[in-house]
Every structure is written in structure tokens, then in C-alpha cells.
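Participant: What follows is the file data.tsv, containing TSV, C-alpha atoms and all ligand atoms:
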```
chain	number	residue	atom	x	y	z
X	26	MET	CA	-174.78	-6.02	107.00
X	27	ARG	CA	-176.37	-9.41	107.45
X	28	ILE	CA	-178.48	-10.32	110.47
X	29	ASP	CA	-179.53	-13.95	111.02
X	30	VAL	CA	-182.29	-14.59	113.54
X	31	VAL	CA	-182.73	-18.02	115.15
X	32	THR	CA	-186.35	-18.04	116.31
X	33	LEU	CA	-189.47	-20.21	116.67
X	34	PHE	CA	-191.42	-17.28	115.16
X	35	PRO	CA	-189.72	-16.45	111.84
X	36	ASP	CA	-192.78	-14.75	110.31
X	37	PHE	CA	-192.98	-12.34	113.23
X	38	MET	CA	-189.30	-11.46	112.90
X	39	ARG	CA	-189.51	-11.02	109.12
X	40	GLN	CA	-192.48	-8.68	109.54
X	41	CYS	CA	-190.62	-6.63	112.17
X	42	ALA	CA	-187.76	-6.18	109.69
X	43	ALA	CA	-189.98	-5.47	106.70
X	44	VAL	CA	-191.46	-2.11	107.78
X	45	GLY	CA	-190.17	1.46	107.84
X	46	VAL	CA	-186.53	2.44	107.74
X	47	VAL	CA	-185.33	-1.14	108.26
X	48	GLY	CA	-187.62	-2.49	105.53
X	49	ARG	CA	-186.29	0.17	103.18
X	50	ALA	CA	-182.69	-0.66	104.16
X	51	GLN	CA	-183.40	-4.25	103.12
X	52	GLN	CA	-184.91	-3.14	99.82
X	53	ARG	CA	-181.78	-1.03	99.24
X	54	GLU	CA	-179.67	-4.07	100.10
X	55	LEU	CA	-177.99	-2.16	102.93
X	56	LEU	CA	-179.21	-4.89	105.28
X	57	GLN	CA	-180.16	-8.53	104.92
X	58	VAL	CA	-182.27	-10.26	107.55
X	59	GLU	CA	-182.64	-14.06	107.41
X	60	THR	CA	-184.48	-16.36	109.81
X	61	TRP	CA	-183.79	-19.89	111.02
X	62	ASN	CA	-186.44	-21.94	112.83
X	63	PRO	CA	-185.04	-24.60	115.19
X	64	ARG	CA	-188.26	-26.59	114.66
X	65	ASP	CA	-187.15	-27.18	111.05
X	66	TYR	CA	-184.08	-28.94	112.46
X	67	ALA	CA	-185.84	-31.13	115.04
X	68	THR	CA	-185.54	-34.74	113.89
X	69	ASP	CA	-188.26	-36.49	115.91
X	70	ASN	CA	-191.77	-37.04	114.61
X	71	TYR	CA	-193.19	-34.31	116.84
X	72	ARG	CA	-190.49	-31.78	115.88
X	73	THR	CA	-189.68	-31.27	119.55
X	74	VAL	CA	-187.66	-28.17	120.44
X	75	ASP	CA	-188.09	-28.06	124.23
X	76	GLY	CA	-187.59	-30.39	127.14
X	77	ARG	CA	-188.42	-30.58	130.81
X	78	THR	CA	-186.11	-28.68	133.12
X	79	CYS	CA	-183.58	-31.04	134.75
X	80	GLY	CA	-183.87	-30.90	138.54
X	81	GLY	CA	-187.61	-30.33	138.33
X	82	GLY	CA	-189.48	-27.07	138.59
X	83	PRO	CA	-191.86	-25.27	136.27
X	84	GLY	CA	-191.34	-24.54	132.60
X	85	MET	CA	-189.39	-25.98	129.72
X	86	VAL	CA	-185.94	-25.37	128.29
X	87	MET	CA	-184.97	-25.19	124.60
X	88	LEU	CA	-183.09	-28.33	123.59
X	89	ILE	CA	-179.47	-28.31	122.40
X	90	GLU	CA	-179.81	-30.47	119.28
X	91	PRO	CA	-182.27	-28.49	117.09
X	92	LEU	CA	-180.47	-25.23	118.00
X	93	ARG	CA	-177.03	-26.71	117.29
X	94	THR	CA	-178.17	-27.92	113.87
X	95	ALA	CA	-179.93	-24.62	113.06
X	96	LEU	CA	-176.87	-22.60	114.10
X	97	LYS	CA	-174.62	-24.82	111.95
X	98	ALA	CA	-176.86	-24.25	108.92
X	99	MET	CA	-176.92	-20.52	109.69
X	100	ARG	CA	-173.13	-20.25	109.92
X	101	GLU	CA	-172.66	-22.18	106.66
X	102	ALA	CA	-175.20	-20.05	104.78
X	103	ALA	CA	-172.70	-17.21	104.30
X	104	PRO	CA	-168.89	-16.88	104.33
X	105	GLU	CA	-168.57	-14.00	106.82
X	106	PRO	CA	-167.70	-14.93	110.41
X	107	VAL	CA	-170.77	-14.29	112.56
X	108	ARG	CA	-171.03	-12.93	116.12
X	109	VAL	CA	-173.78	-14.85	117.91
X	110	ILE	CA	-175.82	-12.78	120.37
X	111	TYR	CA	-178.34	-14.24	122.85
X	112	LEU	CA	-181.16	-12.01	124.09
X	113	SER	CA	-181.95	-12.61	127.76
X	114	PRO	CA	-182.60	-10.77	131.03
X	115	GLN	CA	-179.22	-12.10	132.15
X	116	GLY	CA	-177.38	-10.20	129.42
X	117	ALA	CA	-175.49	-6.92	129.44
X	118	ARG	CA	-177.79	-3.91	129.09
X	119	LEU	CA	-178.07	-2.75	125.45
X	120	THR	CA	-176.88	0.85	124.97
X	121	GLN	CA	-176.54	3.14	121.95
X	122	GLY	CA	-172.79	2.74	122.23
X	123	ARG	CA	-173.07	-1.02	121.89
X	124	VAL	CA	-175.57	-0.60	119.02
X	125	GLU	CA	-173.07	1.60	117.16
X	126	ALA	CA	-170.35	-1.03	117.60
X	127	LEU	CA	-172.62	-3.86	116.42
X	128	ALA	CA	-173.74	-1.79	113.41
X	129	LYS	CA	-170.15	-1.83	112.13
X	130	LEU	CA	-169.91	-5.65	112.03
X	131	PRO	CA	-170.41	-7.51	108.74
X	132	ARG	CA	-172.69	-10.12	110.30
X	133	ILE	CA	-174.45	-10.92	113.58
X	134	ALA	CA	-176.87	-13.68	114.59
X	135	LEU	CA	-179.62	-13.14	117.16
X	136	LEU	CA	-180.62	-16.22	119.16
X	137	CYS	CA	-184.13	-15.90	120.61
X	138	GLY	CA	-185.01	-18.06	123.61
X	139	ARG	CA	-188.54	-19.07	124.51
X	140	TYR	CA	-189.89	-20.91	127.55
X	141	GLU	CA	-187.34	-20.60	130.41
X	142	GLY	CA	-184.50	-20.11	127.97
X	143	VAL	CA	-181.86	-22.28	126.33
X	144	ASP	CA	-179.76	-25.18	127.69
X	145	GLU	CA	-176.70	-23.55	129.24
X	146	ARG	CA	-174.34	-25.90	127.39
X	147	LEU	CA	-175.53	-24.59	124.02
X	148	LEU	CA	-174.94	-21.03	125.24
X	149	ALA	CA	-171.46	-21.89	126.50
X	150	HIS	CA	-170.39	-23.34	123.14
X	151	GLU	CA	-172.23	-21.16	120.62
X	152	VAL	CA	-172.94	-17.68	122.04
X	153	ASP	CA	-170.41	-14.84	121.88
X	154	GLU	CA	-172.44	-12.19	123.73
X	155	GLU	CA	-175.58	-12.01	125.85
X	156	LEU	CA	-177.67	-8.81	125.70
X	157	SER	CA	-180.72	-7.53	127.57
X	158	ILE	CA	-183.03	-4.77	126.33
X	159	GLY	CA	-184.12	-3.99	129.90
X	160	ASP	CA	-184.78	-5.37	133.36
X	161	TYR	CA	-188.01	-7.23	132.66
X	162	VAL	CA	-188.99	-10.72	131.51
X	163	LEU	CA	-190.70	-11.25	128.15
X	164	SER	CA	-192.19	-14.43	126.74
X	165	GLY	CA	-189.30	-14.67	124.30
X	166	GLY	CA	-186.20	-13.00	122.97
X	167	GLU	CA	-187.87	-11.96	119.70
X	168	LEU	CA	-188.83	-8.45	120.85
X	169	GLY	CA	-185.25	-7.93	121.99
X	170	ALA	CA	-184.04	-9.14	118.60
X	171	ALA	CA	-186.47	-6.73	116.90
X	172	VAL	CA	-184.99	-3.88	118.95
X	173	VAL	CA	-181.45	-4.80	117.93
X	174	ILE	CA	-182.44	-5.15	114.25
X	175	ASP	CA	-184.08	-1.71	114.27
X	176	ALA	CA	-181.35	0.09	116.24
X	177	VAL	CA	-178.54	-1.46	114.16
X	178	GLY	CA	-180.39	-1.41	110.82
X	179	ARG	CA	-181.19	2.31	110.94
X	180	LEU	CA	-177.47	3.05	111.38
X	181	GLN	CA	-176.46	1.36	108.11
X	182	ASP	CA	-175.05	3.95	105.70
X	183	GLY	CA	-177.86	5.20	103.48
X	184	ALA	CA	-180.68	3.88	105.67
X	185	LEU	CA	-181.66	7.30	107.05
X	186	ASN	CA	-182.16	10.30	104.77
X	187	ASP	CA	-180.06	13.41	105.54
X	188	ALA	CA	-182.49	15.23	107.86
X	189	GLN	CA	-183.02	12.19	110.12
X	190	SER	CA	-179.37	11.22	110.30
X	191	ALA	CA	-178.23	14.80	110.94
X	192	GLU	CA	-180.66	15.07	113.83
X	193	GLN	CA	-179.77	11.66	115.16
X	194	ASP	CA	-176.02	12.24	115.06
X	195	SER	CA	-176.03	15.57	116.86
X	196	PHE	CA	-177.27	14.21	120.19
X	197	SER	CA	-176.95	10.46	120.08
X	198	ASN	CA	-173.75	10.99	122.07
X	199	GLY	CA	-175.33	10.22	125.43
X	200	LEU	CA	-177.83	13.07	125.83
X	201	LEU	CA	-181.61	12.89	125.70
X	202	ASP	CA	-183.17	14.51	122.65
X	203	CYS	CA	-184.44	18.11	122.60
X	204	PRO	CA	-188.15	19.00	122.12
X	205	HIS	CA	-189.47	18.96	118.54
X	206	TYR	CA	-192.21	21.07	116.93
X	207	ALA	CA	-194.04	21.25	113.61
X	208	LYS	CA	-196.64	23.72	112.29
X	209	PRO	CA	-198.96	25.42	113.19
X	210	VAL	CA	-196.77	27.99	114.91
X	211	ARG	CA	-199.70	28.92	117.19
X	212	ASP	CA	-202.04	26.26	118.58
X	213	ALA	CA	-204.52	25.94	121.46
X	214	TYR	CA	-201.77	23.82	123.11
X	215	GLY	CA	-199.20	26.64	122.86
X	216	GLU	CA	-196.68	28.23	120.52
X	217	VAL	CA	-193.49	27.08	118.81
X	218	PRO	CA	-190.47	28.62	120.62
X	219	ALA	CA	-189.53	31.79	118.72
X	220	VAL	CA	-185.86	30.84	118.31
X	221	LEU	CA	-186.89	27.93	116.06
X	222	LEU	CA	-188.59	30.39	113.70
X	223	SER	CA	-185.72	32.89	113.74
X	224	GLY	CA	-183.61	31.37	111.01
X	225	ASP	CA	-180.59	31.93	113.27
X	226	HIS	CA	-179.09	28.46	112.96
X	227	ALA	CA	-176.35	29.07	115.51
X	228	ALA	CA	-178.95	30.18	118.07
X	229	ILE	CA	-181.15	27.19	117.15
X	230	ARG	CA	-178.25	24.78	117.64
X	231	ARG	CA	-177.47	26.32	121.03
X	232	TRP	CA	-181.13	26.22	122.07
X	233	ARG	CA	-181.43	22.54	121.12
X	234	LEU	CA	-178.22	21.63	122.92
X	235	LYS	CA	-179.35	23.57	126.03
X	236	GLN	CA	-182.71	21.77	126.01
X	237	ALA	CA	-181.02	18.38	125.55
X	238	LEU	CA	-178.63	19.09	128.43
X	239	GLY	CA	-181.42	20.41	130.66
X	240	ARG	CA	-183.69	17.43	129.96
X	241	THR	CA	-180.89	15.00	130.59
X	242	TRP	CA	-180.09	16.75	133.88
X	243	LEU	CA	-183.77	16.64	134.94
X	244	ARG	CA	-184.70	13.15	133.75
X	245	ARG	CA	-181.53	11.09	133.56
X	246	PRO	CA	-178.79	12.86	135.59
X	247	GLU	CA	-176.72	9.67	135.67
X	248	LEU	CA	-176.17	9.99	131.90
X	249	LEU	CA	-174.52	13.37	132.47
X	250	ALA	CA	-172.11	11.87	134.99
X	251	GLN	CA	-170.83	9.52	132.25
X	252	ARG	CA	-170.02	12.37	129.92
X	253	ALA	CA	-167.41	15.15	130.06
X	254	LEU	CA	-169.08	18.45	129.07
X	255	ASP	CA	-167.19	21.05	127.04
X	256	ALA	CA	-167.20	24.71	128.11
X	257	GLU	CA	-170.18	25.61	125.92
X	258	SER	CA	-172.29	22.74	127.29
X	259	ARG	CA	-171.38	23.56	130.90
X	260	ALA	CA	-172.44	27.18	130.34
X	261	LEU	CA	-175.71	26.20	128.63
X	262	LEU	CA	-176.58	23.72	131.37
X	263	GLU	CA	-175.85	26.38	134.01
X	264	GLU	CA	-178.18	28.75	132.14
X	265	PHE	CA	-180.88	26.04	132.05
X	266	ARG	CA	-180.51	25.36	135.77
X	267	ARG	CA	-180.66	29.07	136.66
X	268	GLU	CA	-183.88	29.45	134.66
X	269	TYR	CA	-185.27	26.24	136.17
X	270	PHE	CA	-184.78	27.46	139.75
X	271	ALA	CA	-185.74	31.09	138.96
Y	1	LIG	N1	-184.89	-8.25	128.87
Y	1	LIG	C1	-184.65	-8.94	127.76
Y	1	LIG	O1	-183.87	-8.55	126.88
Y	1	LIG	C2	-185.36	-10.28	127.61
Y	1	LIG	C3	-184.89	-11.25	126.74
Y	1	LIG	C4	-185.56	-12.47	126.63
Y	1	LIG	C5	-186.69	-12.66	127.40
Y	1	LIG	N2	-187.41	-13.81	127.38
Y	1	LIG	C6	-186.85	-15.06	126.88
Y	1	LIG	C7	-185.83	-15.55	127.86
Y	1	LIG	C8	-184.61	-15.95	127.40
Y	1	LIG	C9	-183.66	-16.39	128.31
Y	1	LIG	C10	-183.91	-16.45	129.65
Y	1	LIG	C11	-185.14	-16.02	130.11
Y	1	LIG	O2	-185.39	-16.03	131.43
Y	1	LIG	C12	-186.11	-15.57	129.21
Y	1	LIG	N3	-187.15	-11.70	128.24
Y	1	LIG	C13	-186.49	-10.52	128.35
```
Kindly present the structure from the file in C-alpha cells form.

Facilitator:
Amino acid sequence: MRIDVVTLFPDFMRQCAAVGVVGRAQQRELLQVETWNPRDYATDNYRTVDGRTCGGGPGMVMLIEPLRTALKAMREAAPEPVRVIYLSPQGARLTQGRVEALAKLPRIALLCGRYEGVDERLLAHEVDEELSIGDYVLSGGELGAAVVIDAVGRLQDGALNDAQSAEQDSFSNGLLDCPHYAKPVRDAYGEVPAVLLSGDHAAIRRWRLKQALGRTWLRRPELLAQRALDAESRALLEEFRREYFA
């Protein structure tokens, strides 16, 4: 998968994509991240990329021309059609479901706004999808782009080793994760639950599913409403609730 990032801070974005699982995915050529700086496509002597907001008011807006030229160069840099995504508080909320869909595409471009954002006419003509990583305002779209790169990059086949991907797959279907423990078995802070030391993998799977269901019910009940539970999950959640109220 190829991800192109249009950003005034290319070094920052390259560093975000160079570490950990995503960095390794790039080394393994499972993922390619390229950056495009609109300032390199500004034609005036001052390499201007922003302009005063029409109608007055505070702040600046990113100009059409440098972005249009940068996006053209980006599109022409590779043959695959590219889905252009704009990160902004006005976008649809990013979810794991959307991440999984994006991870299957051959190529996406992430447009990062700074200042008060981008001229609406550029968005209307160039952007296929607007995404938000949460209901808060940041100084730019780059952190949102970093989130998308990480969430999508880690899902590329071969990016995660078996243990991680097995764990990730079992509950990424809309439940919160279960608790995790490592040695020592006994610590001043408490003990590892005995079932995890039992070697009974069926019991361990049930325990983890019960904990994931219980945590989701306690912390994010609205996620449960979105998800039909099978008979086993309904029984385990009932068991969790009985113990919780006991
Ligand atoms: N929640 C987010 O995904 C998010 C994304 C970007 C951003 N800042 C740049 C920007 C871009 C566009 C309009 C705008 O008002 C601010 N802040 C938060």
C-alpha cells in the first residue's frame, strides 16, 4: 500500500512513519509513505502557502494554487488511482471499521490542513473523504494523518508478527480489549488471574472474551448496542454482570 501525505511538515510525517511496526512495514516494502510539501509548489518569491480569510476574521487559510500543484504532482507520481482524504474536525469520525476498509486500498493520500484549514474550493474539487480523529481542534492535520498511517499500516499483511495479529484480530470486532499480564505471577500490586496460568486455552479464551464484554459494558455500553452478541457472549456477559452486582 502507498500512502502520500501532503503536509507543510514532511520531516515530522516521515519520522512518524519510520518507527515501530509501521517503520518495519516500510522496510519490508509492505507500505510506502511519501510526502509532498505545498511550499515546494508555491511560485512566488516568498513561497506563500496561506492567505487572509475572505470576509475578515482571525487566522489564515491554505491557498488553492500550491495545494493544486502539489496534488497534481502526487497523483502523477504513481499509476494507481488515489483516494484523497482530508483530516479535519468537520470529517466523519475515524473508526476501526473504516481503518480496515482503507487498509485494503492500493493507495490513499492524506491532506493535512494548517491554520484555519484549506480553501473550500480545493476541498470540493480534490478531496474524496473527510475524516476526524476526534472532537477536538489541533494545530494541524498531521497528527490525524499519523494516526491513519499507523492504524492502516499495522494492518498490512506481514506487518504484525503472529502473536500480535492473533490478539488484535480476536477482539478488534467492536469490543474493548481484555486485561493483559506478564510475569511475575505474584507482585506487590497483585497476582496474575489463575486461569491465565492454567494452560486451559478454551477457558482462557472464554475468560478473555468475558472480560472484553464486561469492560465494554462498563466503559463503552454504546459499542455493545452496535453489535449482535452470540449465545456464548450473552451468557458470559450475564455472568460478568452477576459477579459485578454480587
Ligand atoms: N479532529 C481532527 O481530526 C483534526 C484535524 C485537523 C485539525 N487541525 C487542522 C484543521 C484542518 C481543517 C479545519 C480545521 O478547523 C483545522 N484538528 C483536528

Participant: Got a sec to check which residues lie within 9 Å of ligand LIG 1 (chain Y), using all atoms listed in the file, and send them as a ChimeraX atom specification?

Facilitator: /X:111-119,137-143,156-170

Participant: Which of these residues is nearest to Ala43 of chain X, using all atoms listed in the file: X:Met99, X:Leu201, X:Ala171, X:Val107?

Facilitator: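 Result for the nearest residue to Ala43 of chain X: X:Ala171.
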
Participant: Which one of X:Leu261, X:Thr60, X:Arg93, X:Glu155 sits closest to Arg108 of chain X if you count all atoms listed in the file?

Facilitator: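 Counting all atoms listed in the file, the residue closest to Arg108 of chain X is X:Glu155.
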
Participant: Compare X:Pro63, X:Gly215, X:Pro246, X:Pro106 by their minimum atom-to-atom distance to Phe34 of chain X, counting only C-alpha atoms, and give me the closest one.

Facilitator: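 For Phe34 of chain X, the nearest of the given residues is X:Pro63.
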
Participant: Atom CA of Val44 of chain X to atom CA of Asn62 of chain X: how many Å, to one decimal?

Facilitator: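 The value is 21.1 Å.
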
Participant: Set the distance at 9 Å and use all atoms listed in the file: which residues neighbour Gly76 of chain X once local chain neighbours fewer than 5 positions away are removed? I'd like the list as a count of residues only.

Facilitator: 5

Participant: In Å, with one decimal, what is the gap from atom CA of Phe37 of chain X to atom CA of Gly178 of chain X?

Facilitator: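 So the answer is 16.8 Å.
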